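Below is the file query07.pdb, which contains PDB, C-alpha atoms.
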```pdb
ATOM      1  CA  MET A  25     156.607 121.114 207.621
ATOM      2  CA  ILE A  26     156.983 121.603 211.356
ATOM      3  CA  VAL A  27     158.428 118.737 213.339
ATOM      4  CA  ILE A  28     156.846 118.314 216.747
ATOM      5  CA  ASP A  29     159.382 117.334 219.382
ATOM      6  CA  ILE A  30     156.949 117.058 222.282
ATOM      7  CA  PRO A  31     153.411 115.825 221.611
ATOM      8  CA  ALA A  32     151.292 117.892 223.949
ATOM      9  CA  ASP A  33     147.912 119.405 224.651
ATOM     10  CA  LEU A  34     148.748 123.112 224.817
ATOM     11  CA  ASN A  35     145.530 123.699 226.770
ATOM     12  CA  MET A  36     146.983 121.743 229.680
ATOM     13  CA  GLU A  37     148.741 123.788 232.343
ATOM     14  CA  ASP A  38     150.177 123.009 235.736
ATOM     15  CA  ASP A  39     149.506 125.092 238.834
ATOM     16  CA  LEU A  40     152.358 127.419 237.842
ATOM     17  CA  GLY A  41     150.778 128.124 234.480
ATOM     18  CA  ARG A  42     153.316 126.079 232.558
ATOM     19  CA  ASN A  43     152.373 123.613 229.874
ATOM     20  CA  PHE A  44     153.463 120.053 230.520
ATOM     21  CA  ALA A  45     153.574 116.721 228.721
ATOM     22  CA  ARG A  46     155.079 113.293 228.941
ATOM     23  CA  THR A  47     158.745 113.261 228.075
ATOM     24  CA  PRO A  48     158.889 111.534 224.689
ATOM     25  CA  LEU A  49     160.619 108.180 224.693
ATOM     26  CA  GLY A  50     164.245 108.430 223.762
ATOM     27  CA  ARG A  51     164.382 112.197 224.192
ATOM     28  CA  THR A  52     166.180 114.188 226.829
ATOM     29  CA  PHE A  53     165.507 117.818 227.584
ATOM     30  CA  ALA A  54     167.120 120.287 229.924
ATOM     31  CA  PRO A  55     165.984 123.674 231.226
ATOM     32  CA  GLY A  56     166.671 126.300 228.622
ATOM     33  CA  ASP A  57     166.296 123.957 225.671
ATOM     34  CA  VAL A  58     164.101 125.040 222.781
ATOM     35  CA  ALA A  59     161.640 122.630 221.191
ATOM     36  CA  VAL A  60     158.356 122.469 219.343
ATOM     37  CA  ALA A  61     155.437 121.176 221.364
ATOM     38  CA  GLY A  62     151.808 120.532 220.595
ATOM     39  CA  ARG A  63     149.842 118.809 217.891
ATOM     40  CA  PRO A  64     149.208 119.526 214.213
ATOM     41  CA  ASP A  65     146.116 121.544 215.144
ATOM     42  CA  GLY A  66     147.990 123.663 217.654
ATOM     43  CA  TRP A  67     151.747 123.859 218.223
ATOM     44  CA  SER A  68     154.289 126.323 219.516
ATOM     45  CA  TRP A  69     157.967 126.937 219.950
ATOM     46  CA  VAL A  70     158.594 126.338 223.617
ATOM     47  CA  LEU A  71     161.296 126.904 226.181
ATOM     48  CA  ILE A  72     161.878 124.055 228.606
ATOM     49  CA  ASP A  73     161.482 125.002 232.274
ATOM     50  CA  ALA A  74     162.003 121.605 233.867
ATOM     51  CA  ALA A  75     162.352 118.036 232.670
ATOM     52  CA  ASP A  76     162.955 114.529 233.864
ATOM     53  CA  GLU A  77     162.438 111.107 232.337
ATOM     54  CA  ARG A  78     158.662 111.308 232.921
ATOM     55  CA  ARG A  79     157.576 114.916 232.422
ATOM     56  CA  VAL A  80     158.650 118.005 230.656
ATOM     57  CA  HIS A  81     157.358 121.441 231.721
ATOM     58  CA  PHE A  82     157.627 124.350 229.330
ATOM     59  CA  HIS A  83     156.203 127.680 228.263
ATOM     60  CA  GLN A  84     155.346 128.951 224.822
ATOM     61  CA  VAL A  85     157.641 131.429 223.106
ATOM     62  CA  SER A  86     157.797 133.153 219.771
ATOM     63  CA  ALA A  87     159.920 131.879 216.907
ATOM     64  CA  ASN A  88     162.134 134.936 217.351
ATOM     65  CA  GLU A  89     162.752 134.159 221.005
ATOM     66  CA  ALA A  90     163.432 130.526 220.178
ATOM     67  CA  ALA A  91     165.845 131.510 217.409
ATOM     68  CA  ALA A  92     167.707 133.792 219.792
ATOM     69  CA  ARG A  93     168.629 130.686 221.751
ATOM     70  CA  GLY A  94     170.018 128.695 218.849
ATOM     71  CA  PRO A  95     169.348 127.286 215.370
ATOM     72  CA  LEU A  96     165.732 126.301 214.753
ATOM     73  CA  THR A  97     166.365 122.885 213.227
ATOM     74  CA  ALA A  98     164.928 119.508 213.977
ATOM     75  CA  THR A  99     167.002 117.490 216.386
ATOM     76  CA  ALA A 100     166.984 113.782 217.062
TER      77      ALA A 100
ATOM     78  CA  MET B   2     144.575 122.615 243.354
ATOM     79  CA  ARG B   3     141.163 124.293 243.077
ATOM     80  CA  ARG B   4     140.723 128.027 243.349
ATOM     81  CA  GLY B   5     137.454 127.912 245.335
ATOM     82  CA  GLU B   6     135.382 129.978 242.915
ATOM     83  CA  PRO B   7     131.615 129.660 242.436
ATOM     84  CA  PRO B   8     130.494 127.238 239.712
ATOM     85  CA  LEU B   9     130.203 128.671 236.227
ATOM     86  CA  SER B  10     126.690 129.692 235.238
ATOM     87  CA  ASP B  11     124.900 127.738 232.541
ATOM     88  CA  ASP B  12     125.510 130.433 229.955
ATOM     89  CA  ALA B  13     129.239 130.700 230.615
ATOM     90  CA  VAL B  14     131.379 130.266 227.510
ATOM     91  CA  VAL B  15     133.944 127.476 227.708
ATOM     92  CA  LEU B  16     136.791 127.274 225.214
ATOM     93  CA  ARG B  17     139.281 124.602 224.280
ATOM     94  CA  GLY B  18     142.048 125.291 221.804
ATOM     95  CA  GLY B  19     141.910 122.884 218.883
ATOM     96  CA  SER B  20     139.659 121.981 216.009
ATOM     97  CA  GLY B  21     137.466 119.401 217.617
ATOM     98  CA  LEU B  22     137.328 116.455 219.918
ATOM     99  CA  ARG B  23     139.238 113.274 219.179
ATOM    100  CA  GLU B  24     138.590 110.332 221.437
ATOM    101  CA  ASP B  25     142.192 109.130 221.425
ATOM    102  CA  GLN B  26     143.534 112.557 222.330
ATOM    103  CA  LEU B  27     140.927 113.106 225.033
ATOM    104  CA  ARG B  28     141.812 109.754 226.596
ATOM    105  CA  GLU B  29     145.513 110.527 226.428
ATOM    106  CA  ASP B  30     145.116 113.998 227.909
ATOM    107  CA  ALA B  31     142.764 112.882 230.670
ATOM    108  CA  THR B  32     145.052 110.012 231.570
ATOM    109  CA  LEU B  33     148.049 112.320 231.832
ATOM    110  CA  ASN B  34     145.988 114.563 234.095
ATOM    111  CA  TYR B  35     145.081 111.578 236.250
ATOM    112  CA  GLU B  36     148.712 110.542 236.570
ATOM    113  CA  GLU B  37     149.638 114.055 237.588
ATOM    114  CA  TYR B  38     146.684 115.100 239.753
ATOM    115  CA  GLY B  39     144.673 111.994 240.600
ATOM    116  CA  PHE B  40     141.572 112.746 238.550
ATOM    117  CA  TYR B  41     140.587 112.487 234.884
ATOM    118  CA  GLY B  42     140.225 116.001 233.530
ATOM    119  CA  ILE B  43     140.382 117.857 230.239
ATOM    120  CA  SER B  44     141.743 121.393 230.223
ATOM    121  CA  MET B  45     139.470 124.202 229.117
ATOM    122  CA  TRP B  46     139.145 127.935 229.603
ATOM    123  CA  SER B  47     136.319 130.311 230.432
ATOM    124  CA  PRO B  48     136.430 134.086 229.979
ATOM    125  CA  THR B  49     136.329 136.323 233.038
ATOM    126  CA  PRO B  50     136.110 140.100 233.451
ATOM    127  CA  GLU B  51     139.884 140.071 233.955
ATOM    128  CA  VAL B  52     140.510 137.812 230.953
ATOM    129  CA  PRO B  53     137.700 138.475 228.458
ATOM    130  CA  GLN B  54     137.085 136.234 225.474
ATOM    131  CA  GLU B  55     139.295 138.182 223.063
ATOM    132  CA  ALA B  56     142.208 137.998 225.486
ATOM    133  CA  LEU B  57     141.579 134.297 225.939
ATOM    134  CA  LEU B  58     141.565 133.741 222.184
ATOM    135  CA  HIS B  59     144.914 135.549 222.095
ATOM    136  CA  LYS B  60     146.198 133.233 224.809
ATOM    137  CA  LEU B  61     145.072 130.339 222.606
ATOM    138  CA  ARG B  62     146.726 131.916 219.533
ATOM    139  CA  ARG B  63     148.723 128.796 218.716
ATOM    140  CA  PHE B  64     145.438 127.169 217.733
ATOM    141  CA  PRO B  65     143.974 128.139 214.364
ATOM    142  CA  ARG B  66     140.594 126.899 215.576
ATOM    143  CA  VAL B  67     138.937 126.841 218.958
ATOM    144  CA  THR B  68     136.126 124.608 220.166
ATOM    145  CA  VAL B  69     133.354 126.481 221.967
ATOM    146  CA  PHE B  70     130.873 125.130 224.487
ATOM    147  CA  THR B  71     128.551 126.650 226.999
ATOM    148  CA  ALA B  72     128.766 125.371 230.538
ATOM    149  CA  ALA B  73     125.204 124.079 230.116
ATOM    150  CA  ASP B  74     126.331 121.951 227.145
ATOM    151  CA  LEU B  75     128.741 120.203 229.473
ATOM    152  CA  TYR B  76     126.462 120.027 232.502
ATOM    153  CA  ARG B  77     123.861 118.220 230.394
ATOM    154  CA  GLN B  78     126.331 115.370 229.973
ATOM    155  CA  ASP B  79     126.927 115.130 233.740
ATOM    156  CA  LEU B  80     130.221 116.951 233.329
ATOM    157  CA  ARG B  81     131.515 119.500 235.780
ATOM    158  CA  LEU B  82     133.973 122.371 235.520
ATOM    159  CA  TRP B  83     136.603 122.425 238.231
ATOM    160  CA  ASP B  84     138.447 125.678 238.777
ATOM    161  CA  THR B  85     141.985 124.324 238.718
ATOM    162  CA  GLY B  86     145.373 125.890 238.189
ATOM    163  CA  GLN B  87     145.585 129.565 237.263
ATOM    164  CA  SER B  88     142.454 131.481 236.337
ATOM    165  CA  PRO B  89     140.718 131.187 233.924
ATOM    166  CA  HIS B  90     141.759 127.545 233.499
ATOM    167  CA  TYR B  91     139.252 124.786 234.236
ATOM    168  CA  ASP B  92     139.274 121.033 234.122
ATOM    169  CA  VAL B  93     136.210 119.323 232.735
ATOM    170  CA  VAL B  94     135.525 116.212 234.773
ATOM    171  CA  TYR B  95     132.745 113.664 234.956
ATOM    172  CA  VAL B  96     130.623 113.847 238.140
ATOM    173  CA  THR B  97     132.700 110.980 239.486
ATOM    174  CA  SER B  98     136.138 112.294 238.691
ATOM    175  CA  THR B  99     137.721 108.871 238.327
ATOM    176  CA  ASP B 100     135.549 107.761 235.375
ATOM    177  CA  LEU B 101     137.469 108.160 232.157
ATOM    178  CA  ASP B 102     134.944 106.496 229.871
ATOM    179  CA  HIS B 103     132.048 108.717 230.957
ATOM    180  CA  LEU B 104     134.227 111.828 230.751
ATOM    181  CA  VAL B 105     135.243 111.096 227.183
ATOM    182  CA  ALA B 106     131.769 109.978 226.121
ATOM    183  CA  GLY B 107     130.236 113.055 227.702
ATOM    184  CA  LEU B 108     132.603 115.403 225.913
ATOM    185  CA  LEU B 109     132.052 113.712 222.577
ATOM    186  CA  ALA B 110     128.284 113.999 223.086
ATOM    187  CA  SER B 111     128.400 117.645 224.171
ATOM    188  CA  GLN B 112     127.035 120.243 221.804
ATOM    189  CA  HIS B 113     129.796 122.527 220.593
ATOM    190  CA  THR B 114     130.945 124.683 217.722
ATOM    191  CA  VAL B 115     134.380 125.168 216.195
ATOM    192  CA  ILE B 116     135.415 128.687 215.312
ATOM    193  CA  ALA B 117     138.384 130.155 213.499
ATOM    194  CA  ASN B 118     140.675 131.872 215.987
ATOM    195  CA  PRO B 119     141.051 135.497 214.824
ATOM    196  CA  HIS B 120     144.230 135.770 216.905
ATOM    197  CA  HIS B 121     145.911 132.688 215.426
ATOM    198  CA  ASP B 122     149.668 133.269 215.337
ATOM    199  CA  PRO B 123     151.744 130.092 215.420
ATOM    200  CA  GLU B 124     155.116 131.770 215.807
ATOM    201  CA  GLY B 125     154.535 135.287 217.067
ATOM    202  CA  ALA B 126     155.080 136.818 220.443
TER     203      ALA B 126
END
```

Kindly transcribe the structure held in the file into structure tokens.
Amino acid sequence: MIVIDIPADLNMEDDLGRNFARTPLGRTFAPGDVAVAGRPDGWSWVLIDAADERRVHFHQVSANEAAARGPLTATA
Amino acid sequence: MRRGEPPLSDDAVVLRGGSGLREDQLREDATLNYEEYGFYGISMWSPTPEVPQEALLHKLRRFPRVTVFTAADLYRQDLRLWDTGQSPHYDVVYVTSTDLDHLVAGLLASQHTVIANPHHDPEGA
């Protein structure tokens, strides 16, 4: 079962064509981090482009690309 | 920021990745849009000659199902399609763009169909 790190509407894009969402409470992300974003009816491995305590901006990547950046395991 | 394109014709196809419309999610998404851009909007997509429907369904490949409207379906509910972000992205807004309740009610009342996405690929390139 996939664990969604960043609840997000993957239809939503900023003016740069990146997806974005609220930064989940208690989570910290940095550019280059890998995560899973979306909802049960549409999710993706994503690569973080920018993040602060309010917003996280990311783009969708394949599982292979995500795995190339580190282990694909759920993180707290 | 709007792209300054002509309004979509009534028969334009409008797509939203996902298997339907949930009021709580629409409210959440529209509210996030308001916080970011100052208006309540829901992201959608409409095919263009440069990005035809099949290419758009590939772009939406993380969604196993896609919700399909026509522009007329939305216009009938006093909704408008703003050409925001990068083409072919649109924001659906109510005629008064600061009315969340009418936006959500209008979307929930809009005629639509849900189709299986033939390009669904949750983990591929």

Write out as a Markdown table a residue-level contact list of stretch 14-123 of chain B versus stretch 40-64 of chain A with cut-off 8 Å: for each qualifying residue the closest pair of atoms and the distance in Å to one decimal, counting only C-alpha atoms, rows sorted by chain and residue number upward.
```
| residue | atom | partner | partner_atom | distance |
| --- | --- | --- | --- | --- |
| B:Leu33 | CA | A:Arg46 | CA | 7.7 |
| B:Gly86 | CA | A:Gly41 | CA | 6.9 |
| B:Gln87 | CA | A:Gly41 | CA | 6.1 |
```

Residue subset to file, keeping C-alpha atoms, as a PDB file, keeping the file's coordinate frame:
```
ATOM      1  CA  LEU B  33     148.049 112.320 231.832  1.00  0.00           C
ATOM      2  CA  GLY B  86     145.373 125.890 238.189  1.00  0.00           C
ATOM      3  CA  GLN B  87     145.585 129.565 237.263  1.00  0.00           C
TER       4      GLN B  87
END
```

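Ranking A:Val70, A:Met36, A:Ala75, A:Ala90 by their shortest atom-to-atom distance to chain B, with all atoms listed in the file included, puts A:Met36 first.
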
Within 9 Å of stretch 4-8 of chain B: each stretch 59-104 of chain B residue with its shortest pair, only C-alpha atoms, as JSON lines:
```
{"residue": "B:Arg81", "atom": "CA", "partner": "B:Pro8", "partner_atom": "CA", "distance": 8.7}
{"residue": "B:Leu82", "atom": "CA", "partner": "B:Pro8", "partner_atom": "CA", "distance": 7.3}
{"residue": "B:Trp83", "atom": "CA", "partner": "B:Pro8", "partner_atom": "CA", "distance": 7.9}
{"residue": "B:Asp84", "atom": "CA", "partner": "B:Arg4", "partner_atom": "CA", "distance": 5.6}
{"residue": "B:Thr85", "atom": "CA", "partner": "B:Arg4", "partner_atom": "CA", "distance": 6.1}
{"residue": "B:Gly86", "atom": "CA", "partner": "B:Arg4", "partner_atom": "CA", "distance": 7.3}
{"residue": "B:Gln87", "atom": "CA", "partner": "B:Arg4", "partner_atom": "CA", "distance": 7.9}
{"residue": "B:Ser88", "atom": "CA", "partner": "B:Arg4", "partner_atom": "CA", "distance": 8.0}
```

message = I'd like the interatomic distance between atom CA of B:Gly39 and atom CA of B:Thr99, to a tenth of an Å.
response = 8.0 Å

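Here atom CA of B:Trp46 and atom CA of B:Asp11 stand 14.5 Å from one another.
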
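Omitting B:Val14 and its sequence neighbours fewer than 4 positions away, and counting all atoms listed in the file, the residues within 9 Å are Leu9, Trp46, Ser47, Pro48, Gln54, Val69, Phe70, Thr71 and Ala72 of chain B.
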
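Applied to the shown file, the ChimeraX specification (/A :<6) & /B selects the residues B:Gly19, B:Ser44, B:Arg63, B:Phe64, B:Gly86, B:Glu124, B:Gly125, B:Ala126.
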
key: Selected residue, from B:Asp25, B:Asp74, B:Asp92, B:Asp12, that lies nearest to B:Tyr41 when counting all atoms listed in the file   = B:Asp92

ask   = Within 10 Å of B:Pro65, counting all atoms listed in the file, which residues qualify if same-chain residues fewer than 5 places away don't, as a PyMOL selection string?
value = (chain A and resi 65-67) or (chain B and resi 18-20+58+116-123)

Save the residues we just selected, C-alpha atoms, as a tab-separated table (two decimals), in the coordinates of the input?
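Writing done, so here's selection_12.tsv:
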```
chain	number	residue	atom	x	y	z
A	65	ASP	CA	146.12	121.54	215.14
A	66	GLY	CA	147.99	123.66	217.65
A	67	TRP	CA	151.75	123.86	218.22
B	18	GLY	CA	142.05	125.29	221.80
B	19	GLY	CA	141.91	122.88	218.88
B	20	SER	CA	139.66	121.98	216.01
B	58	LEU	CA	141.56	133.74	222.18
B	116	ILE	CA	135.42	128.69	215.31
B	117	ALA	CA	138.38	130.16	213.50
B	118	ASN	CA	140.68	131.87	215.99
B	119	PRO	CA	141.05	135.50	214.82
B	120	HIS	CA	144.23	135.77	216.90
B	121	HIS	CA	145.91	132.69	215.43
B	122	ASP	CA	149.67	133.27	215.34
B	123	PRO	CA	151.74	130.09	215.42
```

Output as JSON the centre and edge lengths (Å, one decimal) of the box along x, y and z of the file that holds every listed atom of stretch 48-52 of chain B after adding 6 Å on each side.
```
{"center_x": 138.3, "center_y": 137.1, "center_z": 232.0, "size_x": 16.4, "size_y": 18.0, "size_z": 16.0}
```

query = Quick one: distance from atom CA of B:Asp100 to atom CA of A:Ile30 in Å, one decimal?
reply = 26.8 Å

task = Please tell me which residues are no farther than 6 Å from (131.0, 118.4, 227.0) in the file, counting only C-alpha atoms, and write them as a list in words.
result = Asp74, Leu75, Gly107, Leu108 and Ser111 of chain B
